[in-house]
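To keep things clear, I will list the structure first and then write my remarks on it.
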Amino acid sequence: MLRKGKQWSSLAFMIIALLLFLILGVRLFYLQIIKGDYYRGLSSQNHIRVITKPAPRGLISDRNGVVLADSRPSFIVTAVPSEFDSTNTIQVASLLSIPEETLSGILDQASSVPHRPVVLKASMSVEEVSSIAEYLYRIPGVLIDVAPQRRYHRPEDCSHIIGYIGLSNDPESFRGEITGRTGIEFSMNEALRGSPGLHREVVDAMGRVVEEYRGTDSDEPLPGSNVILTIDSELQRTAFELLEKTALPGAVVIIDYATGDILCAASSPSFDPNMFSRGISLDEWDALLQNPENPLYCRAWTASYPPASTFKIVTAYWLIAEGLINKNTMPAPCYGSLTYGDTEFGCWTAHGRMNLISSLAQSCDVFFYRTAQLGSLDGLAEYARFFGLGSQLTEILTDERSGLIPDSDYLNSTYGSDGWGMGVLLNISIGQGELLATPLQMAAMTGVIASRGQMPLPRLVLQGEQREPFFPEEACDDTAFDVVTEGMLEVVLSRRGTLHEVFSEFPWDFWGKTGTAECFGEDHAIIVGFTREPEPVVICVIIEHGGHGGAVAGPVARDILLSYFEGSD
Amino acid sequence: MIDLTGRDRPDIVLLIALLVLFMIGLTAVYSASTVISESDLFSRQLTWSIIGLFAFLVGTIISLRRLEEISPIAYVSVSLMLLITLFIGRGPADRWLIIGPLHLQPSEIAKAGLIAMTAWWLASQKVRPRKFGEILIFLTVLPAVVLTALQPDLGTAVSMLLVVLAMFIWAGYGIGWIVLLVSPILAAISSMNIFLWLGFMLILTMILYRRKYSIPTWIAFVGGNSAVAAVTPMAWNMLKPYQQSRLITFLNPSSDPHGSGWNIIQSEVAVGSGGFSGQGLLQGAQKELAFLPARHTDFVFSVWAEETGFIGCVILLAAFFVLFWRIIIAARKSVNPFNSLVAAGIAAYIGIHVFVNVGMTLGIMPVTGLPLPLISYGGSQLVTVLFLLGLVVNAGMYWREV
């Protein structure tokens, strides 16, 4: 009975087991033999794709909250190299209207990381994309994505301050990552960029997203911080427009000398940084580089010029502060030139007998030739450094130049200790020779007089603390400040003053100084000056090849200030 | 007639099938472990394999009579282990018991205890039948099943129940009797659908009629099951939807929490992409790209299928079938009812696990946490199965002993 029962049971067990195993076998046959190719196709394409979601770049706005740079959505077409079939290259190239070789070049370069999408064409508008989207969607491995595109609202006036962006070359960066190339975009890049998000997507053979990857390692992008500039964009625009009107290259720097805020730093000619956002073409780039007036060049701080007669405020301050002369000292009269050794040092007219005040007002060179000989070259060079010349002022602007103060160390190493003489001091005393300063430095130099040494270092970003005054406290000399200030006022008030006519109708007091920097061709026209009312600002205007300082740069400075003060009333 | 003293050689066919499966297991785990950051998976599995071989040898030389005597104690021990695990369990779903360097999975070990216990009860029931003894057996094995279900590991619990039922069948109880035994569960399930329920009641009536039960038994079965069927949907509907889904997740935590059949789809892709001859050992792309879930444990068959294709799968399934067949042979020829029942229980254990696990990877069975015996990564399972197979070889050698 037991044996018989067991025989029956074991038969039943075997039959059931056989049936179950057969079911498994049939299913295996179906999956592996019948549908094998299908699944093999799925398997070879089935993978995780890592998409980098760019973080929205921070806004850049002016001191009044006017947005100067933001990001707007634009479309990009990308391809995943591993999913892209090269037989589609011609079709995609024609749809995107880019050369076939360019396209295959991009894909070849990207093939080292085959699962990451590479940008084929960036900054496309809705209209551009919608006309080709239907075709692109049918091509495996080609994706249309949204990427923020940098937009500059004041394309020309602020382009040198804000700079522009470009694709990052950093090997650490993701494909298509944007990075600041110049200006604030470059120097504040770390704050502006934010951190990109990572999305992992599971995609099928057609590159379609099957689902979001359920990992914990997907991150949302972190937007970049906003940057507020000290710039007043209205003032900046006025300055830029007035500069452009002269049809000459030039720069305007206006600083609030109470706070050190750079209110305006215009440079003309300029360029449109939006060209870089949408991807600058080779032709556009060549045109920018080959333009003889070099629009990419920021004349407010990258260019340095001989400060010419504007430097006399430093020389005058030095003469008084060091006790070399006093307010009433009258050296031998100006006969239109001075012969020192066998060199004749010229003046622009024969001024006659002058004291410091009138020689500042009428910009007499001979007065300074004669009095500067009382001091030493290194003494004057030290004061030039006190006034902010010879070194960078902002720290954050990488394209800011430091200018040049030719002291004895410099001259010895350049010409040898016998290669130069006292004549250098004479030239330096009137701001010529090898002395070089940027318009920003000239403005700061003037700011020292305006603030009686209290002006903080200039700053371009409003966030954070004011900076420290740069003029050394031990160099402050009330008499010297008084005398130079009086001289600068005489430039406007005295009938023979170089700015008398230009500023005769100006409703506020203006302390100024003109300069005419000698150079090849027409001289550069320079004016520096400041106001106390209605706003404590210092201005420096330089017009390249503008001729005499008072005549060309003066009206530009006056009109900018008029427009600014009247606008802000 | 029958020689009661001699003994046979170990079943060489069974040993060959076992060796084939053992090697397949190590290969598949090695392949799966190459893409898992825990790089010592394979060496740990090797260590467990050595321990498992010892367990196998112990199984072959242990006195089955002695084992029969200690079966209830063994069962109580594993039940206590399950109970402790419920409180201090660690690891995935708190199913592990950690003792020093050992990470034990008591539910795997409990399967051996359960088989021994059921065999002991059924064998003693043959010698001294009791009234309602079958119900008593069923109630005795229930704690281990319930404790496993509470872990929660419904898949393993159901597989335990199926092994016990298979052993009942082996012991001579008919299918009809089994249906009556589990009728409340069937009633609860069938209550989802009126036709299902009608079908169930029809079968129930036929069984009751054929077995010529008395009127009170009729009332008890039909009335009781109707009550269960009536209460179940009401109880279910009283639950809020989130409670229902929680209950489902509780009962079957390895079911796809995202509901998209992701695991199964990926497993099917892996298996299917193996084609006829596979992508070559260690070459599996699905495995490589981390698409395959639980590559070294529950879905190890998918790795094997992807890399060795239809040929490899047929070899694996054939080896399992041969193993099953040889266990049944051993069970059939064992004179001692306990030995026979233990072997039959092991056969059921192997058969159920293979079908449920492989069926899951092929997308024809629901996702449960049942491992593939001898193949899946996991020490407790490997050692338990090898020990049980040692018992089978042992029973096959000493089949004449009563």
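Scheme for the structure tokens: letters A, B, ... for chains in order shown; per-chain residue numbers from 1; ligand numbers from 1 in order shown.
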
All residues 8 Å or closer to Phe311 (chain A), only C-alpha atoms, same chain fewer than 3 positions away omitted, as an mmCIF file with N, CA and C atoms, in the first residue's frame:
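The resulting file, result.cif, is reproduced below:
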data_model
loop_
_atom_site.group_PDB
_atom_site.id
_atom_site.type_symbol
_atom_site.label_atom_id
_atom_site.label_comp_id
_atom_site.auth_asym_id
_atom_site.auth_seq_id
_atom_site.Cartn_x
_atom_site.Cartn_y
_atom_site.Cartn_z
ATOM 1 N N PRO A 307 49.613 110.791 -18.270
ATOM 2 C CA PRO A 307 48.569 111.649 -17.693
ATOM 3 C C PRO A 307 48.740 113.113 -18.068
ATOM 4 N N ALA A 308 49.923 113.451 -18.587
ATOM 5 C CA ALA A 308 50.198 114.815 -19.026
ATOM 6 C C ALA A 308 49.930 115.808 -17.903
ATOM 7 N N VAL A 314 49.582 116.183 -8.819
ATOM 8 C CA VAL A 314 50.438 115.376 -7.948
ATOM 9 C C VAL A 314 51.740 116.112 -7.686
ATOM 10 N N THR A 315 52.346 116.653 -8.766
ATOM 11 C CA THR A 315 53.611 117.390 -8.631
ATOM 12 C C THR A 315 53.433 118.579 -7.680
ATOM 13 N N SER A 429 57.516 115.594 -14.167
ATOM 14 C CA SER A 429 56.805 116.596 -13.379
ATOM 15 C C SER A 429 55.597 117.158 -14.117
ATOM 16 N N ILE A 430 55.611 117.098 -15.433
ATOM 17 C CA ILE A 430 54.429 117.551 -16.178
ATOM 18 C C ILE A 430 53.661 116.365 -16.755
ATOM 19 N N GLY A 431 53.944 115.146 -16.226
ATOM 20 C CA GLY A 431 53.144 113.986 -16.600
ATOM 21 C C GLY A 431 53.457 113.400 -17.959
#

Report task. Considering only C-alpha atoms, return as a list in words whatever protein or nucleic-acid residues lie within 8 Å of region 349-354 of chain B, sequence-local ones (same chain, fewer than 5 positions apart) excluded. Result ->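 Counting only the stated atoms, we get Ala17 of chain A; Ser159, Met160, Leu162, Val163, Phe320, Phe324, Gly359, Leu370, Pro371, Leu372 and Pro373 of chain B.
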
Query raised in the report: Could you list, as a ChimeraX atom specification, every residue of chain A that has an atom within 8 Å of an atom of chain B, counting only C-alpha atoms?
Result: /A:3,5-7,9-10,13-14,17-18,20-21,24-25,27-29,31-33,35-44,46-48

Query raised in the report: Which polymer residues have any atom within 10 Å of an atom of Leu181 (chain B), counting only C-alpha atoms, with same-chain residues fewer than 5 positions away left out, as a PyMOL selection string?
Result: chain B and resi 134-135+138+165+175-176+186+221

Could you turn the residues from that selection into a file that holds C-alpha atoms, as a PDB file, in the first residue's frame?
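That gives us part32.pdb:
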ATOM      1  CA  GLU B 134      -3.373  16.263  10.091  1.00  0.00           C
ATOM      2  CA  ILE B 135      -4.836  19.486  11.405  1.00  0.00           C
ATOM      3  CA  PHE B 138      -0.646  21.800  10.009  1.00  0.00           C
ATOM      4  CA  LEU B 165       1.534  20.576   1.357  1.00  0.00           C
ATOM      5  CA  ILE B 175      -5.461  16.794  -3.558  1.00  0.00           C
ATOM      6  CA  GLY B 176      -9.018  17.166  -2.354  1.00  0.00           C
ATOM      7  CA  LEU B 186      -8.657  29.988  -1.164  1.00  0.00           C
ATOM      8  CA  PHE B 221     -16.744  23.985   5.467  1.00  0.00           C
TER       9      PHE B 221
END

Report task. Return as a ChimeraX atom specification the full set of residues in region 146-382 of chain B whose backbone-based DSSP assignment is helix (DSSP H, G or I). Result -> /B:146-150,154-170,175-181,183-190,194-210,215-238,241-251,262-274,285-288,300-333,337-361,379-382

Query raised in the report: Quick one, how far is CA of Ala247 (chain A) from CA of Ile161 (chain A)?
Result: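 Here the two named atoms are 20.8 Å from each other.
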
Excluding Ser309 (chain A) and residues on its chain fewer than 2 positions from it, collect all residues at most 9 Å away from it, counting only C-alpha atoms, and give them as a PDB file with N, CA and C atoms, in the first residue's frame.
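Final output, out_35.pdb:
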ATOM      1  N   PRO A 306      49.973 108.675 -20.965  1.00  0.00           N
ATOM      2  CA  PRO A 306      50.684 109.663 -20.155  1.00  0.00           C
ATOM      3  C   PRO A 306      49.646 110.612 -19.565  1.00  0.00           C
ATOM      4  N   PRO A 307      49.613 110.791 -18.270  1.00  0.00           N
ATOM      5  CA  PRO A 307      48.569 111.649 -17.693  1.00  0.00           C
ATOM      6  C   PRO A 307      48.740 113.113 -18.068  1.00  0.00           C
ATOM      7  N   PHE A 311      48.746 115.369 -14.267  1.00  0.00           N
ATOM      8  CA  PHE A 311      49.663 114.895 -13.225  1.00  0.00           C
ATOM      9  C   PHE A 311      50.217 116.043 -12.398  1.00  0.00           C
ATOM     10  N   LYS A 312      50.071 117.281 -12.933  1.00  0.00           N
ATOM     11  CA  LYS A 312      50.619 118.428 -12.201  1.00  0.00           C
ATOM     12  C   LYS A 312      49.981 118.566 -10.819  1.00  0.00           C
ATOM     13  N   ILE A 313      48.781 118.021 -10.636  1.00  0.00           N
ATOM     14  CA  ILE A 313      48.188 118.123  -9.304  1.00  0.00           C
ATOM     15  C   ILE A 313      48.995 117.290  -8.315  1.00  0.00           C
ATOM     16  N   LEU A 360      48.968 126.153 -12.307  1.00  0.00           N
ATOM     17  CA  LEU A 360      48.011 125.047 -12.426  1.00  0.00           C
ATOM     18  C   LEU A 360      46.863 125.459 -13.336  1.00  0.00           C
ATOM     19  N   SER A 363      48.167 125.884 -16.727  1.00  0.00           N
ATOM     20  CA  SER A 363      48.944 124.722 -17.139  1.00  0.00           C
ATOM     21  C   SER A 363      50.300 125.114 -17.725  1.00  0.00           C
ATOM     22  N   CYS A 364      51.035 125.863 -16.923  1.00  0.00           N
ATOM     23  CA  CYS A 364      52.376 126.245 -17.358  1.00  0.00           C
ATOM     24  C   CYS A 364      53.359 125.135 -17.027  1.00  0.00           C
ATOM     25  N   ASP A 365      54.142 124.710 -18.021  1.00  0.00           N
ATOM     26  CA  ASP A 365      55.092 123.630 -17.802  1.00  0.00           C
ATOM     27  C   ASP A 365      56.386 124.130 -17.169  1.00  0.00           C
ATOM     28  N   SER A 429      57.516 115.594 -14.167  1.00  0.00           N
ATOM     29  CA  SER A 429      56.805 116.596 -13.379  1.00  0.00           C
ATOM     30  C   SER A 429      55.597 117.158 -14.117  1.00  0.00           C
ATOM     31  N   ILE A 430      55.611 117.098 -15.433  1.00  0.00           N
ATOM     32  CA  ILE A 430      54.429 117.551 -16.178  1.00  0.00           C
ATOM     33  C   ILE A 430      53.661 116.365 -16.755  1.00  0.00           C
ATOM     34  N   GLY A 431      53.944 115.146 -16.226  1.00  0.00           N
ATOM     35  CA  GLY A 431      53.144 113.986 -16.600  1.00  0.00           C
ATOM     36  C   GLY A 431      53.457 113.400 -17.959  1.00  0.00           C
ATOM     37  N   GLN A 432      54.624 113.760 -18.489  1.00  0.00           N
ATOM     38  CA  GLN A 432      54.987 113.183 -19.780  1.00  0.00           C
ATOM     39  C   GLN A 432      56.092 112.159 -19.578  1.00  0.00           C
ATOM     40  N   LYS A 513      41.283 119.865 -14.139  1.00  0.00           N
ATOM     41  CA  LYS A 513      42.645 119.995 -14.668  1.00  0.00           C
ATOM     42  C   LYS A 513      42.645 119.314 -16.024  1.00  0.00           C
ATOM     43  N   THR A 514      43.233 120.016 -16.978  1.00  0.00           N
ATOM     44  CA  THR A 514      43.283 119.429 -18.312  1.00  0.00           C
ATOM     45  C   THR A 514      44.645 118.820 -18.546  1.00  0.00           C
ATOM     46  N   GLY A 515      44.712 118.019 -19.576  1.00  0.00           N
ATOM     47  CA  GLY A 515      45.995 117.435 -19.966  1.00  0.00           C
ATOM     48  C   GLY A 515      45.981 117.174 -21.458  1.00  0.00           C
ATOM     49  N   THR A 516      47.154 117.292 -22.050  1.00  0.00           N
ATOM     50  CA  THR A 516      47.276 116.995 -23.466  1.00  0.00           C
ATOM     51  C   THR A 516      48.475 116.061 -23.611  1.00  0.00           C
ATOM     52  N   ALA A 517      48.148 114.768 -23.796  1.00  0.00           N
ATOM     53  CA  ALA A 517      49.224 113.773 -23.804  1.00  0.00           C
ATOM     54  C   ALA A 517      49.840 113.711 -25.185  1.00  0.00           C
ATOM     55  N   ILE A 526      42.814 115.023 -22.315  1.00  0.00           N
ATOM     56  CA  ILE A 526      42.453 114.464 -21.013  1.00  0.00           C
ATOM     57  C   ILE A 526      41.882 115.571 -20.144  1.00  0.00           C
TER      58      ILE A 526
END

Query raised in the report: To one decimal place, how far is CA of Gln362 (chain A) from CA of Arg299 (chain A) in Å?
Result: 27.4 Å

**Report entry** Residues flagged strand (DSSP E) by DSSP in region 92-189 of chain B, as a PyMOL selection string
**Finding:** chain B and resi 97-99+102-104

Query raised in the report: What's the 10 Å shell around region 183-197 of chain A, counting only C-alpha atoms, without same-chain residues fewer than 4 positions away, as a PyMOL selection string?
Result: chain A and resi 51-60+69+158-166+173-174+177-179+217-227+229+298+395-400+460-461

Requested in this report: State, in Å with one decimal place, the distance from CA of Ser267 (chain A) to CA of Gly487 (chain A).
Outcome: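 Atom-to-atom, CA of Ser267 (chain A) and CA of Gly487 (chain A) are spaced 28.9 Å apart.
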
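Candidate residues A:Asn169, A:Leu426, A:Leu136, A:Asp62 were compared for distance to Leu95 (chain A), and the nearest is A:Leu136, using only C-alpha atoms.
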
Give me the residues of region 35-135 of chain B that have any atom at most 6 Å from an atom of region 381-400 of chain B; for each, the nearest atom pair and the distance in Å, rounded to one decimal. Use only C-alpha atoms, sort by chain and number, and format it as a Markdown table.
| residue | atom | partner | partner_atom | distance |
| --- | --- | --- | --- | --- |
| B:Gly52 | CA | B:Val383 | CA | 4.2 |
| B:Ala55 | CA | B:Phe387 | CA | 4.8 |
| B:Phe56 | CA | B:Phe387 | CA | 4.4 |
| B:Gly59 | CA | B:Gly390 | CA | 4.1 |
| B:Thr60 | CA | B:Asn394 | CA | 4.3 |
| B:Glu108 | CA | B:Gln381 | CA | 5.4 |
| B:Ile109 | CA | B:Thr384 | CA | 5.9 |

Requested in this report: For Leu19 (chain B), work out the shell of residues within 12 Å, counting only C-alpha atoms and skipping chain neighbours fewer than 5 positions away, then give it as a list in words.
Outcome: Ile12, Val13, Leu14, Ile24, Gly25, Leu26, Ser49, Leu53, Leu316, Ala319, Phe320, Val322, Leu323, Leu374, Ile375, Leu386 and Leu389 of chain B

**Report entry** All residues 10 Å or closer to Trp197 (chain B), only C-alpha atoms, same chain fewer than 6 positions away omitted, as a PyMOL selection string
**Finding:** chain B and resi 186-191+203+226+229

Query raised in the report: With only C-alpha atoms as the atoms that count, which of A:Ile357, A:Leu389, A:Pro469, A:Cys264 lies nearest to Leu489 (chain A)?
Result: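 That would be A:Ile357, the residue with the smallest distance to Leu489 (chain A).
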
**Report entry** Nearest to Phe387 (chain A) by atom-to-atom distance, counting only C-alpha atoms, from A:Leu440, A:Val541, A:Leu356, A:Met445
**Finding:** A:Met445
